[in-house]
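As provided, final-v7.pdb (PDB, C-alpha atoms and all ligand atoms) reads as follows.
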ATOM      1  CA  MET A   1     100.464 101.148 119.055  1.00  0.00           C
ATOM      2  CA  VAL A   2      97.963  98.327 118.610  1.00  0.00           C
ATOM      3  CA  CYS A   3      95.728  96.342 120.972  1.00  0.00           C
ATOM      4  CA  LEU A   4      92.397  94.560 120.608  1.00  0.00           C
ATOM      5  CA  GLY A   5      89.841  97.262 121.413  1.00  0.00           C
ATOM      6  CA  ASN A   6      91.900 100.488 121.122  1.00  0.00           C
ATOM      7  CA  ILE A   7      90.246 101.757 124.282  1.00  0.00           C
ATOM      8  CA  CYS A   8      92.369 100.432 127.167  1.00  0.00           C
ATOM      9  CA  ARG A   9      96.022  99.616 126.406  1.00  0.00           C
ATOM     10  CA  SER A  10      96.977 101.198 123.079  1.00  0.00           C
ATOM     11  CA  PRO A  11      95.497 104.643 123.916  1.00  0.00           C
ATOM     12  CA  LEU A  12      97.759 104.663 126.996  1.00  0.00           C
ATOM     13  CA  ALA A  13     100.713 103.577 124.849  1.00  0.00           C
ATOM     14  CA  GLU A  14      99.959 106.325 122.313  1.00  0.00           C
ATOM     15  CA  GLY A  15      99.705 108.987 125.029  1.00  0.00           C
ATOM     16  CA  ILE A  16     102.885 107.850 126.765  1.00  0.00           C
ATOM     17  CA  LEU A  17     104.998 107.579 123.613  1.00  0.00           C
ATOM     18  CA  ARG A  18     103.725 110.933 122.316  1.00  0.00           C
ATOM     19  CA  GLN A  19     104.716 112.639 125.568  1.00  0.00           C
ATOM     20  CA  LYS A  20     108.133 110.978 125.741  1.00  0.00           C
ATOM     21  CA  ALA A  21     108.915 111.584 122.051  1.00  0.00           C
ATOM     22  CA  ALA A  22     108.058 115.271 122.390  1.00  0.00           C
ATOM     23  CA  ALA A  23     110.205 115.521 125.515  1.00  0.00           C
ATOM     24  CA  ALA A  24     113.089 113.927 123.574  1.00  0.00           C
ATOM     25  CA  GLY A  25     112.611 116.382 120.690  1.00  0.00           C
ATOM     26  CA  LEU A  26     111.575 113.626 118.274  1.00  0.00           C
ATOM     27  CA  ASP A  27     109.205 114.574 115.456  1.00  0.00           C
ATOM     28  CA  TRP A  28     107.392 111.236 115.322  1.00  0.00           C
ATOM     29  CA  GLN A  29     103.905 110.593 113.995  1.00  0.00           C
ATOM     30  CA  ILE A  30     102.307 108.403 116.656  1.00  0.00           C
ATOM     31  CA  ASP A  31      98.871 106.784 116.555  1.00  0.00           C
ATOM     32  CA  SER A  32      97.012 103.785 117.948  1.00  0.00           C
ATOM     33  CA  ALA A  33      94.423 101.341 116.644  1.00  0.00           C
ATOM     34  CA  GLY A  34      92.563  98.172 117.592  1.00  0.00           C
ATOM     35  CA  THR A  35      92.443  94.924 115.676  1.00  0.00           C
ATOM     36  CA  ALA A  36      88.692  94.762 116.456  1.00  0.00           C
ATOM     37  CA  GLY A  37      86.057  97.343 115.567  1.00  0.00           C
ATOM     38  CA  TYR A  38      83.783  97.038 118.636  1.00  0.00           C
ATOM     39  CA  HIS A  39      84.418 100.573 119.911  1.00  0.00           C
ATOM     40  CA  VAL A  40      85.203 102.628 116.797  1.00  0.00           C
ATOM     41  CA  GLY A  41      84.686 106.354 117.407  1.00  0.00           C
ATOM     42  CA  GLU A  42      84.682 106.035 121.201  1.00  0.00           C
ATOM     43  CA  GLN A  43      86.963 107.797 123.681  1.00  0.00           C
ATOM     44  CA  PRO A  44      89.487 105.721 125.628  1.00  0.00           C
ATOM     45  CA  HIS A  45      88.110 103.743 128.596  1.00  0.00           C
ATOM     46  CA  LYS A  46      87.349 105.925 131.629  1.00  0.00           C
ATOM     47  CA  LEU A  47      90.031 104.180 133.707  1.00  0.00           C
ATOM     48  CA  SER A  48      92.655 104.625 130.973  1.00  0.00           C
ATOM     49  CA  GLN A  49      91.759 108.330 130.850  1.00  0.00           C
ATOM     50  CA  LYS A  50      91.918 108.585 134.652  1.00  0.00           C
ATOM     51  CA  VAL A  51      95.245 106.796 135.046  1.00  0.00           C
ATOM     52  CA  ALA A  52      96.776 108.819 132.204  1.00  0.00           C
ATOM     53  CA  LEU A  53      95.608 112.086 133.750  1.00  0.00           C
ATOM     54  CA  VAL A  54      96.964 111.137 137.174  1.00  0.00           C
ATOM     55  CA  ASN A  55     100.292 110.700 135.390  1.00  0.00           C
ATOM     56  CA  GLY A  56     100.007 114.062 133.630  1.00  0.00           C
ATOM     57  CA  VAL A  57      98.828 112.908 130.195  1.00  0.00           C
ATOM     58  CA  ASP A  58      95.441 113.881 128.721  1.00  0.00           C
ATOM     59  CA  ILE A  59      94.233 111.179 126.302  1.00  0.00           C
ATOM     60  CA  SER A  60      90.588 112.340 126.213  1.00  0.00           C
ATOM     61  CA  GLY A  61      90.985 113.641 122.642  1.00  0.00           C
ATOM     62  CA  GLN A  62      91.745 110.195 121.239  1.00  0.00           C
ATOM     63  CA  ARG A  63      89.071 108.315 119.288  1.00  0.00           C
ATOM     64  CA  CYS A  64      89.051 104.580 118.682  1.00  0.00           C
ATOM     65  CA  ARG A  65      89.810 103.315 115.196  1.00  0.00           C
ATOM     66  CA  GLN A  66      90.415  99.901 113.689  1.00  0.00           C
ATOM     67  CA  PHE A  67      93.802  98.791 112.397  1.00  0.00           C
ATOM     68  CA  THR A  68      94.033  98.591 108.583  1.00  0.00           C
ATOM     69  CA  ALA A  69      96.424  96.952 106.131  1.00  0.00           C
ATOM     70  CA  ASP A  70      97.484 100.482 105.034  1.00  0.00           C
ATOM     71  CA  ASP A  71      98.883 101.091 108.536  1.00  0.00           C
ATOM     72  CA  LEU A  72     101.621  98.606 107.679  1.00  0.00           C
ATOM     73  CA  LEU A  73     102.701 100.931 104.847  1.00  0.00           C
ATOM     74  CA  ALA A  74     102.115 104.232 106.658  1.00  0.00           C
ATOM     75  CA  TYR A  75     104.189 103.470 109.773  1.00  0.00           C
ATOM     76  CA  ASP A  76     107.845 102.488 110.204  1.00  0.00           C
ATOM     77  CA  ARG A  77     107.207 100.592 113.433  1.00  0.00           C
ATOM     78  CA  ILE A  78     104.122  98.882 114.807  1.00  0.00           C
ATOM     79  CA  PHE A  79     104.031  97.777 118.428  1.00  0.00           C
ATOM     80  CA  VAL A  80     101.408  95.316 119.636  1.00  0.00           C
ATOM     81  CA  MET A  81     100.412  94.522 123.213  1.00  0.00           C
ATOM     82  CA  ASP A  82     100.078  90.740 122.970  1.00  0.00           C
ATOM     83  CA  LEU A  83     100.553  87.737 120.712  1.00  0.00           C
ATOM     84  CA  GLU A  84      96.906  87.687 119.672  1.00  0.00           C
ATOM     85  CA  ASN A  85      97.295  91.287 118.418  1.00  0.00           C
ATOM     86  CA  LEU A  86     100.408  90.169 116.535  1.00  0.00           C
ATOM     87  CA  ALA A  87      98.513  87.381 114.773  1.00  0.00           C
ATOM     88  CA  GLU A  88      95.654  89.756 113.927  1.00  0.00           C
ATOM     89  CA  VAL A  89      97.982  92.458 112.532  1.00  0.00           C
ATOM     90  CA  LYS A  90      99.516  89.759 110.354  1.00  0.00           C
ATOM     91  CA  ARG A  91      96.085  88.571 109.200  1.00  0.00           C
ATOM     92  CA  ILE A  92      94.683  92.072 108.533  1.00  0.00           C
ATOM     93  CA  GLY A  93      97.960  93.244 106.980  1.00  0.00           C
ATOM     94  CA  ALA A  94      97.943  90.344 104.501  1.00  0.00           C
ATOM     95  CA  ASP A  95     100.231  91.310 101.586  1.00  0.00           C
ATOM     96  CA  ASN A  96     101.522  94.345 103.509  1.00  0.00           C
ATOM     97  CA  TRP A  97     102.772  92.226 106.427  1.00  0.00           C
ATOM     98  CA  ASP A  98     106.397  93.018 107.298  1.00  0.00           C
ATOM     99  CA  GLU A  99     107.877  91.043 110.176  1.00  0.00           C
ATOM    100  CA  HIS A 100     110.673  93.605 110.601  1.00  0.00           C
ATOM    101  CA  LYS A 101     108.210  96.413 111.380  1.00  0.00           C
ATOM    102  CA  VAL A 102     105.990  94.659 113.902  1.00  0.00           C
ATOM    103  CA  SER A 103     106.859  93.544 117.425  1.00  0.00           C
ATOM    104  CA  LEU A 104     105.520  93.130 120.927  1.00  0.00           C
ATOM    105  CA  VAL A 105     105.819  96.495 122.697  1.00  0.00           C
ATOM    106  CA  LEU A 106     107.757  94.771 125.527  1.00  0.00           C
ATOM    107  CA  GLU A 107     110.221  93.158 123.079  1.00  0.00           C
ATOM    108  CA  PRO A 108     112.832  95.976 123.265  1.00  0.00           C
ATOM    109  CA  LEU A 109     112.803  95.694 127.076  1.00  0.00           C
ATOM    110  CA  HIS A 110     112.746  91.900 127.263  1.00  0.00           C
ATOM    111  CA  PRO A 111     114.204  90.581 123.986  1.00  0.00           C
ATOM    112  CA  GLY A 112     113.062  87.100 123.077  1.00  0.00           C
ATOM    113  CA  ALA A 113     110.902  86.720 126.171  1.00  0.00           C
ATOM    114  CA  GLY A 114     107.558  87.000 124.366  1.00  0.00           C
ATOM    115  CA  LYS A 115     106.193  89.158 127.207  1.00  0.00           C
ATOM    116  CA  GLU A 116     102.691  90.593 126.780  1.00  0.00           C
ATOM    117  CA  VAL A 117     100.837  93.588 128.228  1.00  0.00           C
ATOM    118  CA  PRO A 118      97.802  92.071 130.006  1.00  0.00           C
ATOM    119  CA  ASP A 119      94.342  93.194 128.931  1.00  0.00           C
ATOM    120  CA  PRO A 120      92.791  95.237 131.793  1.00  0.00           C
ATOM    121  CA  TRP A 121      89.300  95.243 130.202  1.00  0.00           C
ATOM    122  CA  TYR A 122      87.757  93.067 132.949  1.00  0.00           C
ATOM    123  CA  GLY A 123      90.136  94.394 135.607  1.00  0.00           C
ATOM    124  CA  THR A 124      90.244  97.113 138.246  1.00  0.00           C
ATOM    125  CA  GLU A 125      91.936 100.517 138.381  1.00  0.00           C
ATOM    126  CA  LYS A 126      95.022  98.798 139.797  1.00  0.00           C
ATOM    127  CA  ASP A 127      95.360  96.820 136.561  1.00  0.00           C
ATOM    128  CA  TYR A 128      95.339 100.027 134.518  1.00  0.00           C
ATOM    129  CA  HIS A 129      98.127 101.445 136.716  1.00  0.00           C
ATOM    130  CA  HIS A 130     100.099  98.253 136.118  1.00  0.00           C
ATOM    131  CA  VAL A 131      99.615  98.629 132.360  1.00  0.00           C
ATOM    132  CA  TRP A 132     100.746 102.272 132.615  1.00  0.00           C
ATOM    133  CA  GLU A 133     103.960 101.264 134.402  1.00  0.00           C
ATOM    134  CA  MET A 134     104.770  98.538 131.870  1.00  0.00           C
ATOM    135  CA  LEU A 135     104.127 100.838 128.910  1.00  0.00           C
ATOM    136  CA  SER A 136     106.026 103.752 130.400  1.00  0.00           C
ATOM    137  CA  GLU A 137     109.104 101.562 130.853  1.00  0.00           C
ATOM    138  CA  ALA A 138     108.651 100.105 127.360  1.00  0.00           C
ATOM    139  CA  CYS A 139     108.394 103.561 125.773  1.00  0.00           C
ATOM    140  CA  ASP A 140     111.509 104.766 127.607  1.00  0.00           C
ATOM    141  CA  LYS A 141     113.383 101.867 126.023  1.00  0.00           C
ATOM    142  CA  ILE A 142     111.923 102.551 122.556  1.00  0.00           C
ATOM    143  CA  ILE A 143     113.055 106.204 122.770  1.00  0.00           C
ATOM    144  CA  LYS A 144     116.464 105.164 124.095  1.00  0.00           C
ATOM    145  CA  GLU A 145     117.042 102.719 121.241  1.00  0.00           C
ATOM    146  CA  ALA A 146     115.898 105.238 118.634  1.00  0.00           C
ATOM    147  CA  THR A 147     118.144 107.979 119.943  1.00  0.00           C
ATOM    148  CA  ASN A 148     121.064 105.687 120.840  1.00  0.00           C
ATOM    149  CA  ARG A 149     121.304 107.198 124.286  1.00  0.00           C
TER     150      ARG A 149
HETATM  151  P1  LIG B 201      92.146  96.833 124.871  1.00  0.00           P
HETATM  152  O1  LIG B 201      91.054  96.164 125.843  1.00  0.00           O
HETATM  153  O2  LIG B 201      92.439  95.806 123.792  1.00  0.00           O
HETATM  154  O3  LIG B 201      93.328  97.059 125.756  1.00  0.00           O
HETATM  155  O4  LIG B 201      91.530  98.112 124.340  1.00  0.00           O
HETATM  156  C1  LIG B 201      89.814  95.709 125.395  1.00  0.00           C
HETATM  157  C2  LIG B 201      88.804  96.589 125.141  1.00  0.00           C
HETATM  158  C3  LIG B 201      87.564  96.133 124.746  1.00  0.00           C
HETATM  159  C4  LIG B 201      87.349  94.783 124.590  1.00  0.00           C
HETATM  160  C5  LIG B 201      88.384  93.895 124.809  1.00  0.00           C
HETATM  161  C6  LIG B 201      89.606  94.350 125.206  1.00  0.00           C
HETATM  162  N1  LIG B 201      86.072  94.312 124.196  1.00  0.00           N
HETATM  163  O5  LIG B 201      85.901  93.065 124.136  1.00  0.00           O
HETATM  164  O6  LIG B 201      85.168  95.104 123.929  1.00  0.00           O
END
Before we go any further, please render this structure as structure tokens.
Amino acid sequence: MVCLGNICRSPLAEGILRQKAAAAGLDWQIDSAGTAGYHVGEQPHKLSQKVALVNGVDISGQRCRQFTADDLLAYDRIFVMDLENLAEVKRIGADNWDEHKVSLVLEPLHPGAGKEVPDPWYGTEKDYHHVWEMLSEACDKIIKEATNR
């Protein structure tokens, strides 16, 4: 799960997908990263932590890291929050870029629509709840497609 800062959106996506994969009995290795390095080593944003906890998921143990070209080899699927993240993953990935591995996280839910998860960085708590809802629905669809249910 990849966003710009790896402190607002992708930590939520990591927490949500980890919880749903475990509940579905899937032994997936799930991680998140940011295309930028502004917050490396930091915990997720306070509002991401709060909204996750309200929804029963503790993401306080996560630490921000930057996306690397090796991630394109290490992971089978890479989900990005917006089109800028997509362009950055392509740029950072360079020779490891694989268009079949990387997609917008909302693509499975809304194929071909190019829908993005809005950045809540300058937003309010309400925006983080909105991001949670979008990502929860997206992760349900990802699990459903993977398990053919
Ligand atoms: P994220 O949000 O990409 O969802 O983690 C942001 C976090 C930090 C910044 C931008 C977006 N920043 O400019 O520091």
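Counting from CA of Ser32 (chain A), the distance to CA of Glu14 (chain A) is 5.8 Å.
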Tell me, in Å to one decimal, how far atom O4 of ligand LIG 201 (chain B) is from CA of His45 (chain A).
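According to the coordinates, atom O4 of ligand LIG 201 (chain B) and CA of His45 (chain A) are separated by 7.8 Å.
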List as a PDB file with C-alpha atoms, in the frame of the given file the protein and nucleic acid residues near Phe67 (chain A), meaning an atom at most 9 Å away when all atoms listed in the file are counted, but skip any in the same chain fewer than 5 places from it.
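Below is the file around-v2.pdb, written as the result:
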ATOM      1  CA  VAL A   2      97.963  98.327 118.610  1.00  0.00           C
ATOM      2  CA  SER A  32      97.012 103.785 117.948  1.00  0.00           C
ATOM      3  CA  ALA A  33      94.423 101.341 116.644  1.00  0.00           C
ATOM      4  CA  GLY A  34      92.563  98.172 117.592  1.00  0.00           C
ATOM      5  CA  THR A  35      92.443  94.924 115.676  1.00  0.00           C
ATOM      6  CA  ALA A  36      88.692  94.762 116.456  1.00  0.00           C
ATOM      7  CA  GLY A  37      86.057  97.343 115.567  1.00  0.00           C
ATOM      8  CA  VAL A  89      97.982  92.458 112.532  1.00  0.00           C
ATOM      9  CA  ILE A  92      94.683  92.072 108.533  1.00  0.00           C
ATOM     10  CA  GLY A  93      97.960  93.244 106.980  1.00  0.00           C
TER      11      GLY A  93
END
Report, in Å to a single decimal, how far apart CA of Gly15 (chain A) and CA of Ile142 (chain A) are.
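We find that CA of Ile142 (chain A) and CA of Gly15 (chain A) lie 14.0 Å from each other.
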Residue with smallest distance to ligand LIG 201 (chain B) - pool A:Ala74, A:Leu53, A:Ile30, A:Met81, counting all atoms listed in the file:
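Using all atoms listed in the file, ligand LIG 201 (chain B) sits closest to A:Met81.
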I would like the residues chosen by the PyMOL selection byres (((not hetatm)) within 10 of (chain B and resi 201)) on the shown file; could you give them as number ranges by chain?
A: 2-13, 33-39, 44-45, 48, 64, 80-82, 85, 117-123, 128, 131
Which neighbours of Thr147 (chain A) fall inside 10 Å, counting only C-alpha atoms, when residues of the same chain fewer than 5 positions from it are skipped, and could you give them as a list in words?
Ala24, Leu26, Lys141 and Ile142 of chain A
Using all atoms listed in the file, list the residues that have an atom at most 8 Å from (108.7, 98.8, 112.2), coordinates as in the file, as a list in words.
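Here the neighbourhood of the point contains Tyr75, Asp76, Arg77, Ile78, Phe79, Asp98, His100, Lys101, Val102 and Ser103 of chain A.
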A:Glu99, A:Leu106, A:Leu73, A:Ala52: which is nearest Gln19 (chain A), counting all atoms listed in the file?
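So, comparing all the options, the nearest one is A:Ala52.
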Excluding Lys144 (chain A) and its own-chain neighbours fewer than 5 positions away, which residues fall within 10 Å of it when counting all atoms listed in the file? Please give them as a ChimeraX atom specification.
/A:24,108,138-139,149
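With distances restricted to only C-alpha atoms, A:Val54 is the closest residue to His129 (chain A) from A:Val40, A:Val54, A:Ala113, A:Arg18.
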Nearest-residue call for Glu145 (chain A), choices A:Glu42, A:Leu83, A:Trp132, A:Glu107, using all atoms listed in the file
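Closest candidate: A:Glu107.
The smallest atom-to-atom distance between Leu17 (chain A) and any of A:Gly41, A:Ser136, A:His130, A:Ala146, using all atoms listed in the file, is found for A:Ser136.
Across A:Lys50, A:Lys115, A:Arg65, A:Lys90, the tightest approach to Asp31 (chain A) is made by A:Arg65 when counting only C-alpha atoms.
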The PyMOL selection byres (((chain A and resi 60) around 8) and not hetatm) resolved against shown file, as number ranges by chain
A: 43-44, 49, 58-59, 61-62
